[in-house]
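Since the structure comes first, as structure tokens, the remarks are kept for the end.
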Amino acid sequence: MSIRNLDSLFDPASVVVIGASDRPARVGSTVWHNLRHGSYGGTLMAVNPKYRQLDDLPVVARVQDLPTTPELAVICTPPATVPGLIDDLGAMGTRAAIVMTAGFTPAHKQAMLDAARRHLLRILGPNCLGLLAPHIGLNASFSHVPATAGSLAFVSQSGALVTAMLDWARGRGIGFSHFVSLGEHADVDFGDMLDWLASDARTRAILLYIESIEAPRKFMSAARAAARNKPVLVVKAGRSAQGQQAAASHTGALASADIVFDAAIRRAGMLRVDTLQDLFVAAEALAHYRGGSTPGDTAPLDRLTLLTNGGGAGVMAADAAAAAGLDLAPLPPATMAALDAFLPANWSHGNPVDIIGDAPVERYVQTLQALQADPDTGTLLFMHAPTAIVPSADIARALLPLAGAEPRRLVSCWLGGPGLDEARQVFQAAGIPSYDTPEQAVHACAMLATYRRNQELLLQAPPARTARAEPDLARVREIIAAVLGNGREMLTEPEAKALLQAAGIPVAATEVVGPDAAEAAAAARAIGWPVVLKILSHDISHKSDVGGVVLQLESEAEVRQAAEAMLGRVRRLRPQAVVQGFTVQAMVRRPQALELIVGSHVDPLFGPVILFGQGGTAVEVVADRAVALPPLNEPLAEALIERTRIARLLAGWRDVPAADRGAVVQALTTLSQLLADEPRIAEIDINPLLADARGVIALDARVRVSAAAPGGAAHFAIRPYPSAQVETVDWHGRPTVLRPIRPEDEAQHRAFLERLEPIDIRMRIFYSRRNIERTELARLTQVDYERELAYIATQGEGAQEETLAVARAAIDPDNVDAEFGIIVRSDLKGGGLGEVLMHKLIRHLKEHGTRRLVGTVLTDNRRMLELARTLGFESMPPEAGEDSVRIVLSLA
């Protein structure tokens with residue numbers, strides 16, 4: 001991934017249009033017109049051998065004839081000409097190019113990329129509409145309308161949608177920081193855009209229209225980093241099979257299953273919406289709402305309190321909330337009493353809070369005050385229908401001091417037309433989300449709740465190994481090696497159960513016999529009645545399809561009869577199948593157990609994924625399932641379960657006790673660990689996994705392995721917590737753990753920072769001493785291990801563990817420089833702990849392939865400067881008047 005030279009793409013001092021013309025309905029003509037007649041203040045040049053002048057500006061025949069090197073080139077010439085142009089531009093020093101041209105062959109595209117790579121020249125496109133940066137007046141596109149300056153960034157794979165969205169947004173007064181068409185994204189892709197926009201001060205939220213991605217781990221790393229800084233909202237096309245096929249043919253990329261992409265978006269802390277209009281609805285809500293919209297806030301976002309001056313609006317909002325899965329908050333006695341004190345006797349006495357249509361301004365103010373005093377009321381949805389009693393604008397102005405109070409948890413709906421425009425404008429100017437209908441407002445609230453749940457998933461950083469029990473990996477690998485050595489990929493049922501048992505998942509005991517009815521009956525007699533008989537064949541993976549499973553057999557005669565009938569069915573239905581025999585197992589009698597499915601497969605884009613849902617023979621018909629990206633820990637496994645309908649049945653009903661949910665969670669984390677440990681596992685299907693109050697047990701399983709090793713932690717879309725980097729050292733006679741920081745270290749890290757002396761804070765500024773914001777703590781502890789190293793030194797265990805020191809390095813997206821910072825607790829300075837951590841940091845950066853470690857040190861921080869010299873850093877002389885020194889260590 002790289003943001004190298006992207007500043008030249010989005011903020012160029014000079015632009016050249018290659019293929020500029022004045023011929024109507026030509027791309028070169030439209031691009032030139034948009035640049036020439038817009039408000040771009042940089043130098044503008046043109047190249048076209050057929051012209052000598054355009055709009056009173058000189059035109060040259062070749063790029064070599066340009067009077068100065070352009071920072072950005074816009075290319076509108078045929079595909080065959082592009083590689084040579086890129087090479088010439090790169091040699092001149094041009095740093096970025098927008099390639100509008102379509103119709104590239106794979107050879108042309110590769111030649112273009114090869115030429116660009118030689119000069120570190122960045123390419124947007126090909127086959128793109130271009131980009132707009134309204135804050136600098138840059139319209140390097142062939143859009144028919146310009147963009148209004150604002151704070152939303154929109155990045156789209158579809159050029160046609162770019163023009164449509166520009167038209168739609170312009171009519172609604174929505175402004176943008178950047179508007180970008182990626183086209184075929186041969187070079188600059190979604191990962192690069194997320195990286196660049198995440199640190200762009202003009203961008204408040206990032207909106208994406210995605211059809212496909214080609215570098216999932218890069219995308220996930222960039223998305224997770226961006227989503228920690230600002231809202232990232234996604235419309236992903238291709239929900240249906242037809243849509244996926246259309247997206248694949250449009251982009252030429254392999255489409256991932258939609259449910260997997262949805263899981264990836266959740267896990268990255270982004271918000272997926274269904275429509276382009278929802279992008280803006282959600283962006284407005286997330287930009288202004290503060291109550292519970294970030295992890296750690298206590299306001300219950302999935303709970304609504306409705307305040308209205310009309311019962312109809314309240315009923316409509318309540319219906320919409322039920323459909324969206326949002327609960328109406330019950331009003332506690334104290335709040336009811338407060339409302340009774342000033343509301344008329346015929347008020348609704350519940351939620352929705354209907355204050356009656358004749359309400360004066362004071363009644364609105366008092367009601368909102370009472371509801372805001374109770375944090376359990378959750379999100380407050382204020383709805384107002386105009387009346388002749390009091391002007392709506394007066395109500396808006398009176399509510400403004402309350403509505404703007406922190407934490408903000410008010411959403412508004414002004415029902416009506418132009419007569420309410422002033423009231424809407426009052427609220428919107430104050431940053432209070434405002435919607436036209438109760439349904440739209442509730443929909444925005446539902447998106448807020450989903451966004452917070454996704455942000456909570458972003459906090460999780462599980463290691464590859466999370467299961468409580470240690471698996472018997474030697475046995476797992478022995479089984480897989482035997483199967484592959486036998487020239488097979490599919491495990492038999494006994495082999496699959498043996499593998500799961502070695503991994504730590506409970507299975508039903510199974511006996512294997514040959515294809516002989518008498519032998520099956522003898523095995524059943526030894527096991528005890530009743531039993532289950534199943535066909536055993538390498539050629540039959542779905543046994544029920546051929547009647548290869550018979551339950552509740554009570555005698556030897558029944559077993560013999562079932563075995564002979566089963567053999568006959570297989571010969572008739574699958575004559576080519578070779579039958580190895582039967583499996584016989586005790587009939588598991590757990591009448592109140594639920595049938596679940598737990599499984600995994602390797603997605604072509606995101607690698608191994610884990611599936612959970614309702615199992616049984618009708619699993620495809622019921623289609624109650626959810627997927628997640630490994631690695632899983634217990635909170636992530638719980639979140640996966642919660643996304644299914646069967647989760648409610650696990651809690652028990654009527655006379656059925658709750659299932660052991662902890663056992664289900666353990667089965668999921670055990671599977672996650674197995675997938676990380678054994679890369680040769682390509683597919684697992686445990687169906688059914690019975691779950692009841694006694695725990696879980698796998699009755700049947702299918703496992704496919706592959707010598708190509710498509711799985712394993714190396715192919716996870718999200719890098720697991722690097723537990724292999726945890727080490728214990730002896731420091732002054734006490735065992736001291738050096739380990740990567742974790743999100744759950746937040747409270748411990750706060751305590752560490754609060755023990756620092758002011759002088760140490762000045763020497764190494766991590767935060768403001770007086771106000772340690774939770775967002776800053778989250779940034780320090782929620783590390784993307786793909787691009788940042790942060791090691792802490794700790795002593796003690798469990799609740800007694802305390803942080804002694806921290807060293808961190810933020811790696812640039814090109815993996816060239818890593819900027820470090822280190823701080824040791826004030827009472828422990830001078831003991832050598834900083835040097836211990838620095839050696840660890842340097843060692844792992846070298847393993848990561850980073851080229852340089854850099855830092856900025858105050859000139860009077862003699863202790864750090866001496867340590868830097870000891871470690872081999874070179875000091876750069878400070879600029880005149882500067883009180884800091886730049887230090888650099890080559891890691892090559």
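Just so we're on the same page: first chain in the structure tokens is A, next is B, and so on; residues restart at 1 for each chain, and ligands are numbered from 1 in the order they show up.
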Please report, as an NGL selection string, each residue of segment 465-643 of chain A to which DSSP assigns strand (DSSP E) when run on this structure's backbone. :A and (510-513 or 531-537 or 549-553 or 579-586 or 594-603 or 607-614 or 625-628)
Those same residues, written as an mmCIF file, in the first residue's frame with C-alpha atoms?
data_model
loop_
_atom_site.group_PDB
_atom_site.id
_atom_site.type_symbol
_atom_site.label_atom_id
_atom_site.label_comp_id
_atom_site.auth_asym_id
_atom_site.auth_seq_id
_atom_site.Cartn_x
_atom_site.Cartn_y
_atom_site.Cartn_z
ATOM 1 C CA THR A 510 -18.051 -43.646 16.316
ATOM 2 C CA GLU A 511 -17.135 -47.228 15.307
ATOM 3 C CA VAL A 512 -16.052 -48.079 11.748
ATOM 4 C CA VAL A 513 -16.949 -51.430 10.160
ATOM 5 C CA VAL A 531 -27.705 -46.565 17.480
ATOM 6 C CA VAL A 532 -27.237 -44.525 14.304
ATOM 7 C CA LEU A 533 -26.023 -46.185 11.113
ATOM 8 C CA LYS A 534 -24.295 -44.176 8.359
ATOM 9 C CA ILE A 535 -22.774 -45.078 5.015
ATOM 10 C CA LEU A 536 -18.982 -44.666 4.716
ATOM 11 C CA SER A 537 -17.663 -43.753 1.261
ATOM 12 C CA VAL A 549 -28.231 -42.108 7.538
ATOM 13 C CA VAL A 550 -30.716 -44.127 9.627
ATOM 14 C CA LEU A 551 -31.529 -43.113 13.209
ATOM 15 C CA GLN A 552 -32.958 -44.833 16.284
ATOM 16 C CA LEU A 553 -32.137 -48.448 15.465
ATOM 17 C CA VAL A 579 -18.326 -48.023 -0.289
ATOM 18 C CA GLN A 580 -15.715 -48.584 2.412
ATOM 19 C CA GLY A 581 -18.302 -49.652 4.984
ATOM 20 C CA PHE A 582 -20.464 -48.157 7.712
ATOM 21 C CA THR A 583 -20.069 -46.033 10.792
ATOM 22 C CA VAL A 584 -22.022 -46.969 13.884
ATOM 23 C CA GLN A 585 -22.489 -44.591 16.776
ATOM 24 C CA ALA A 586 -24.613 -44.388 19.878
ATOM 25 C CA LEU A 594 -30.778 -27.277 19.134
ATOM 26 C CA GLU A 595 -29.189 -28.255 15.846
ATOM 27 C CA LEU A 596 -26.490 -25.779 14.882
ATOM 28 C CA ILE A 597 -24.053 -25.526 12.008
ATOM 29 C CA VAL A 598 -20.483 -24.389 12.535
ATOM 30 C CA GLY A 599 -18.105 -24.346 9.619
ATOM 31 C CA SER A 600 -15.554 -22.578 7.515
ATOM 32 C CA HIS A 601 -14.347 -22.207 3.969
ATOM 33 C CA VAL A 602 -11.690 -20.225 2.159
ATOM 34 C CA ASP A 603 -13.179 -17.184 0.460
ATOM 35 C CA GLY A 607 -9.344 -16.064 2.936
ATOM 36 C CA PRO A 608 -10.688 -18.271 5.746
ATOM 37 C CA VAL A 609 -14.129 -17.329 7.065
ATOM 38 C CA ILE A 610 -16.211 -18.875 9.842
ATOM 39 C CA LEU A 611 -19.929 -19.629 9.561
ATOM 40 C CA PHE A 612 -22.487 -20.118 12.335
ATOM 41 C CA GLY A 613 -26.231 -20.658 12.209
ATOM 42 C CA GLN A 614 -29.152 -23.029 12.451
ATOM 43 C CA ARG A 625 -26.528 -18.009 9.243
ATOM 44 C CA ALA A 626 -23.863 -15.369 9.769
ATOM 45 C CA VAL A 627 -20.176 -15.302 8.949
ATOM 46 C CA ALA A 628 -17.146 -13.679 10.543
#
Find the spatial neighbours of Val180 of chain A, counting only C-alpha atoms, within a cut-off of 9 Å - ignore same-chain residues fewer than 2 positions away - and output them as a PDB file with N, CA, C and O atoms, in the first residue's frame.
ATOM      1  N   CYS A 128     -11.327   5.866 -16.156  1.00  0.00           N
ATOM      2  CA  CYS A 128     -11.972   6.561 -15.039  1.00  0.00           C
ATOM      3  C   CYS A 128     -12.497   7.908 -15.509  1.00  0.00           C
ATOM      4  O   CYS A 128     -12.117   8.413 -16.571  1.00  0.00           O
ATOM      5  N   LEU A 129     -13.368   8.481 -14.701  1.00  0.00           N
ATOM      6  CA  LEU A 129     -13.943   9.787 -15.014  1.00  0.00           C
ATOM      7  C   LEU A 129     -13.041  10.920 -14.530  1.00  0.00           C
ATOM      8  O   LEU A 129     -13.181  12.050 -14.953  1.00  0.00           O
ATOM      9  N   GLY A 130     -12.097  10.620 -13.630  1.00  0.00           N
ATOM     10  CA  GLY A 130     -11.188  11.632 -13.116  1.00  0.00           C
ATOM     11  C   GLY A 130     -11.466  11.955 -11.668  1.00  0.00           C
ATOM     12  O   GLY A 130     -12.038  11.153 -10.925  1.00  0.00           O
ATOM     13  N   LEU A 131     -11.055  13.158 -11.243  1.00  0.00           N
ATOM     14  CA  LEU A 131     -11.259  13.550  -9.850  1.00  0.00           C
ATOM     15  C   LEU A 131     -11.577  15.030  -9.771  1.00  0.00           C
ATOM     16  O   LEU A 131     -11.235  15.814 -10.662  1.00  0.00           O
ATOM     17  N   LEU A 132     -12.212  15.388  -8.646  1.00  0.00           N
ATOM     18  CA  LEU A 132     -12.519  16.781  -8.349  1.00  0.00           C
ATOM     19  C   LEU A 132     -12.054  17.070  -6.923  1.00  0.00           C
ATOM     20  O   LEU A 132     -12.308  16.264  -6.013  1.00  0.00           O
ATOM     21  N   ALA A 133     -11.355  18.190  -6.742  1.00  0.00           N
ATOM     22  CA  ALA A 133     -10.942  18.660  -5.424  1.00  0.00           C
ATOM     23  C   ALA A 133     -11.462  20.087  -5.279  1.00  0.00           C
ATOM     24  O   ALA A 133     -10.754  21.060  -5.571  1.00  0.00           O
ATOM     25  N   ALA A 153     -15.800  13.005   1.470  1.00  0.00           N
ATOM     26  CA  ALA A 153     -15.031  12.464   0.347  1.00  0.00           C
ATOM     27  C   ALA A 153     -15.801  11.296  -0.242  1.00  0.00           C
ATOM     28  O   ALA A 153     -16.230  10.407   0.496  1.00  0.00           O
ATOM     29  N   PHE A 154     -15.974  11.290  -1.543  1.00  0.00           N
ATOM     30  CA  PHE A 154     -16.690  10.212  -2.226  1.00  0.00           C
ATOM     31  C   PHE A 154     -15.736   9.552  -3.213  1.00  0.00           C
ATOM     32  O   PHE A 154     -15.144  10.228  -4.060  1.00  0.00           O
ATOM     33  N   VAL A 155     -15.579   8.237  -3.073  1.00  0.00           N
ATOM     34  CA  VAL A 155     -14.698   7.461  -3.940  1.00  0.00           C
ATOM     35  C   VAL A 155     -15.530   6.359  -4.568  1.00  0.00           C
ATOM     36  O   VAL A 155     -16.154   5.571  -3.852  1.00  0.00           O
ATOM     37  N   SER A 156     -15.507   6.274  -5.891  1.00  0.00           N
ATOM     38  CA  SER A 156     -16.394   5.346  -6.588  1.00  0.00           C
ATOM     39  C   SER A 156     -15.638   4.542  -7.628  1.00  0.00           C
ATOM     40  O   SER A 156     -14.726   5.049  -8.292  1.00  0.00           O
ATOM     41  N   GLN A 157     -16.040   3.285  -7.766  1.00  0.00           N
ATOM     42  CA  GLN A 157     -15.506   2.459  -8.837  1.00  0.00           C
ATOM     43  C   GLN A 157     -16.220   2.728 -10.151  1.00  0.00           C
ATOM     44  O   GLN A 157     -15.701   2.399 -11.211  1.00  0.00           O
ATOM     45  N   GLY A 159     -17.737   5.301 -12.858  1.00  0.00           N
ATOM     46  CA  GLY A 159     -17.729   6.672 -13.330  1.00  0.00           C
ATOM     47  C   GLY A 159     -19.127   7.223 -13.528  1.00  0.00           C
ATOM     48  O   GLY A 159     -19.393   8.395 -13.253  1.00  0.00           O
ATOM     49  N   VAL A 162     -20.508   8.507 -10.403  1.00  0.00           N
ATOM     50  CA  VAL A 162     -19.897   9.765  -9.993  1.00  0.00           C
ATOM     51  C   VAL A 162     -20.691  10.941 -10.544  1.00  0.00           C
ATOM     52  O   VAL A 162     -21.025  11.885  -9.815  1.00  0.00           O
ATOM     53  N   HIS A 178     -13.316  15.787  -1.667  1.00  0.00           N
ATOM     54  CA  HIS A 178     -12.766  15.146  -2.865  1.00  0.00           C
ATOM     55  C   HIS A 178     -13.836  14.256  -3.475  1.00  0.00           C
ATOM     56  O   HIS A 178     -14.657  13.673  -2.769  1.00  0.00           O
ATOM     57  N   LEU A 182     -12.246   5.837  -9.460  1.00  0.00           N
ATOM     58  CA  LEU A 182     -11.074   4.964  -9.512  1.00  0.00           C
ATOM     59  C   LEU A 182     -10.929   4.238 -10.839  1.00  0.00           C
ATOM     60  O   LEU A 182      -9.824   3.817 -11.202  1.00  0.00           O
TER      61      LEU A 182
END
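Minimum distance to His119 of chain A across A:Arg4, A:Arg475, A:Arg755, A:His715 (counting only C-alpha atoms) occurs at A:Arg4.
Separating atom CA of Pro591 of chain A from atom CA of Ala651 of chain A is a distance of 16.1 Å.
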Residues near segment 188-199 of chain A, anyone? I mean within 10 Å using only C-alpha atoms, not counting same-chain ones fewer than 3 positions away, as a ChimeraX atom specification. /A:1-4,6-7,10,122-125,153,155-157,177-178,180,182-185,202-210,212-232,812-813
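When only C-alpha atoms are used to measure the gap to Thr859 of chain A, the shortest distance among A:Ala149, A:Ala320, A:Ala818, A:Ile887 belongs to A:Ile887.
Between Val234 of chain A and the residues A:Arg272, A:Gly103, A:Gly796, A:Val260, the shortest atom-to-atom distance, using only C-alpha atoms, involves A:Arg272.
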Find the residues around Ala508 of chain A up to 7 Å (only C-alpha atoms counted), leave out those fewer than 4 positions away in its own chain, and share them as number ranges by chain. A: 697-699
With only C-alpha atoms as the counted atoms, please give the residues lying no more than 12 Å from Ala405 of chain A, apart from itself and same-chain residues fewer than 2 positions off, as an NGL selection string. :A and (288-291 or 368-369 or 372-373 or 399-403 or 407-410 or 430-432)
Could you pull out the helix (DSSP H, G or I) residues of segment 536-600 of chain A, going by DSSP on the backbone, and write them as a list of chain:residue names? A:Lys543, A:Ser544, A:Asp545, A:Val546, A:Glu556, A:Ala557, A:Glu558, A:Val559, A:Arg560, A:Gln561, A:Ala562, A:Ala563, A:Glu564, A:Ala565, A:Met566, A:Leu567, A:Gly568, A:Arg569, A:Val570, A:Arg571, A:Arg572, A:Leu573
All residues 10 Å or closer to segment 355-360 of chain A, only C-alpha atoms, same chain fewer than 4 positions away omitted, as an MDAnalysis selection string: chainID A and resid 307:311 339 343:349 364:365 367 384:391 394:395
Could you take the residues named above and write them with C-alpha atoms, as a short mmCIF file (atom, residue, chain, number, x, y, z; two decimals), in the first residue's frame?
data_model
loop_
_atom_site.label_atom_id
_atom_site.label_comp_id
_atom_site.auth_asym_id
_atom_site.auth_seq_id
_atom_site.Cartn_x
_atom_site.Cartn_y
_atom_site.Cartn_z
CA LEU A 307 -41.06 12.94 21.65
CA THR A 308 -43.92 14.21 19.49
CA ASN A 309 -46.78 16.66 19.41
CA GLY A 310 -48.98 14.20 17.50
CA GLY A 311 -49.88 10.57 18.13
CA LEU A 339 -43.43 14.67 33.13
CA LEU A 343 -47.83 17.87 31.05
CA PRO A 344 -51.61 17.91 30.62
CA ALA A 345 -53.53 15.01 32.12
CA ASN A 346 -54.23 13.50 28.70
CA TRP A 347 -50.59 13.11 27.66
CA SER A 348 -49.65 9.60 26.50
CA HIS A 349 -48.11 8.47 29.84
CA TYR A 364 -41.40 21.34 24.58
CA VAL A 365 -38.46 22.68 26.59
CA THR A 367 -40.21 17.72 28.24
CA HIS A 384 -42.92 18.06 15.28
CA ALA A 385 -45.92 18.64 13.04
CA PRO A 386 -46.74 22.35 12.48
CA THR A 387 -49.70 23.93 14.24
CA ALA A 388 -51.14 27.43 14.41
CA ILE A 389 -50.50 27.55 18.17
CA VAL A 390 -46.82 28.50 17.96
CA PRO A 391 -44.40 29.00 15.03
CA ASP A 394 -39.73 29.56 17.75
CA ILE A 395 -39.75 25.98 19.07
#
Might you pull out every residue within 12 Å of His542 of chain A, with only C-alpha atoms counted and same-chain residues fewer than 2 positions away left off, and present them as a ChimeraX atom specification? /A:490,492-493,534-540,544-549,574,617,685,687,700-703
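When atom CA of Arg863 of chain A is paired with atom CA of Val783 of chain A, their separation reads 27.5 Å.
Checking A:Ala102, A:Leu738, A:Val145, A:Leu853 one by one against Ala164 of chain A, counting only C-alpha atoms, you find the shortest gap at A:Val145.
The closest residue to Ala577 of chain A, picked from A:His37, A:Lys543, A:Gly350, A:Ala562 and counting only C-alpha atoms, is A:Lys543.
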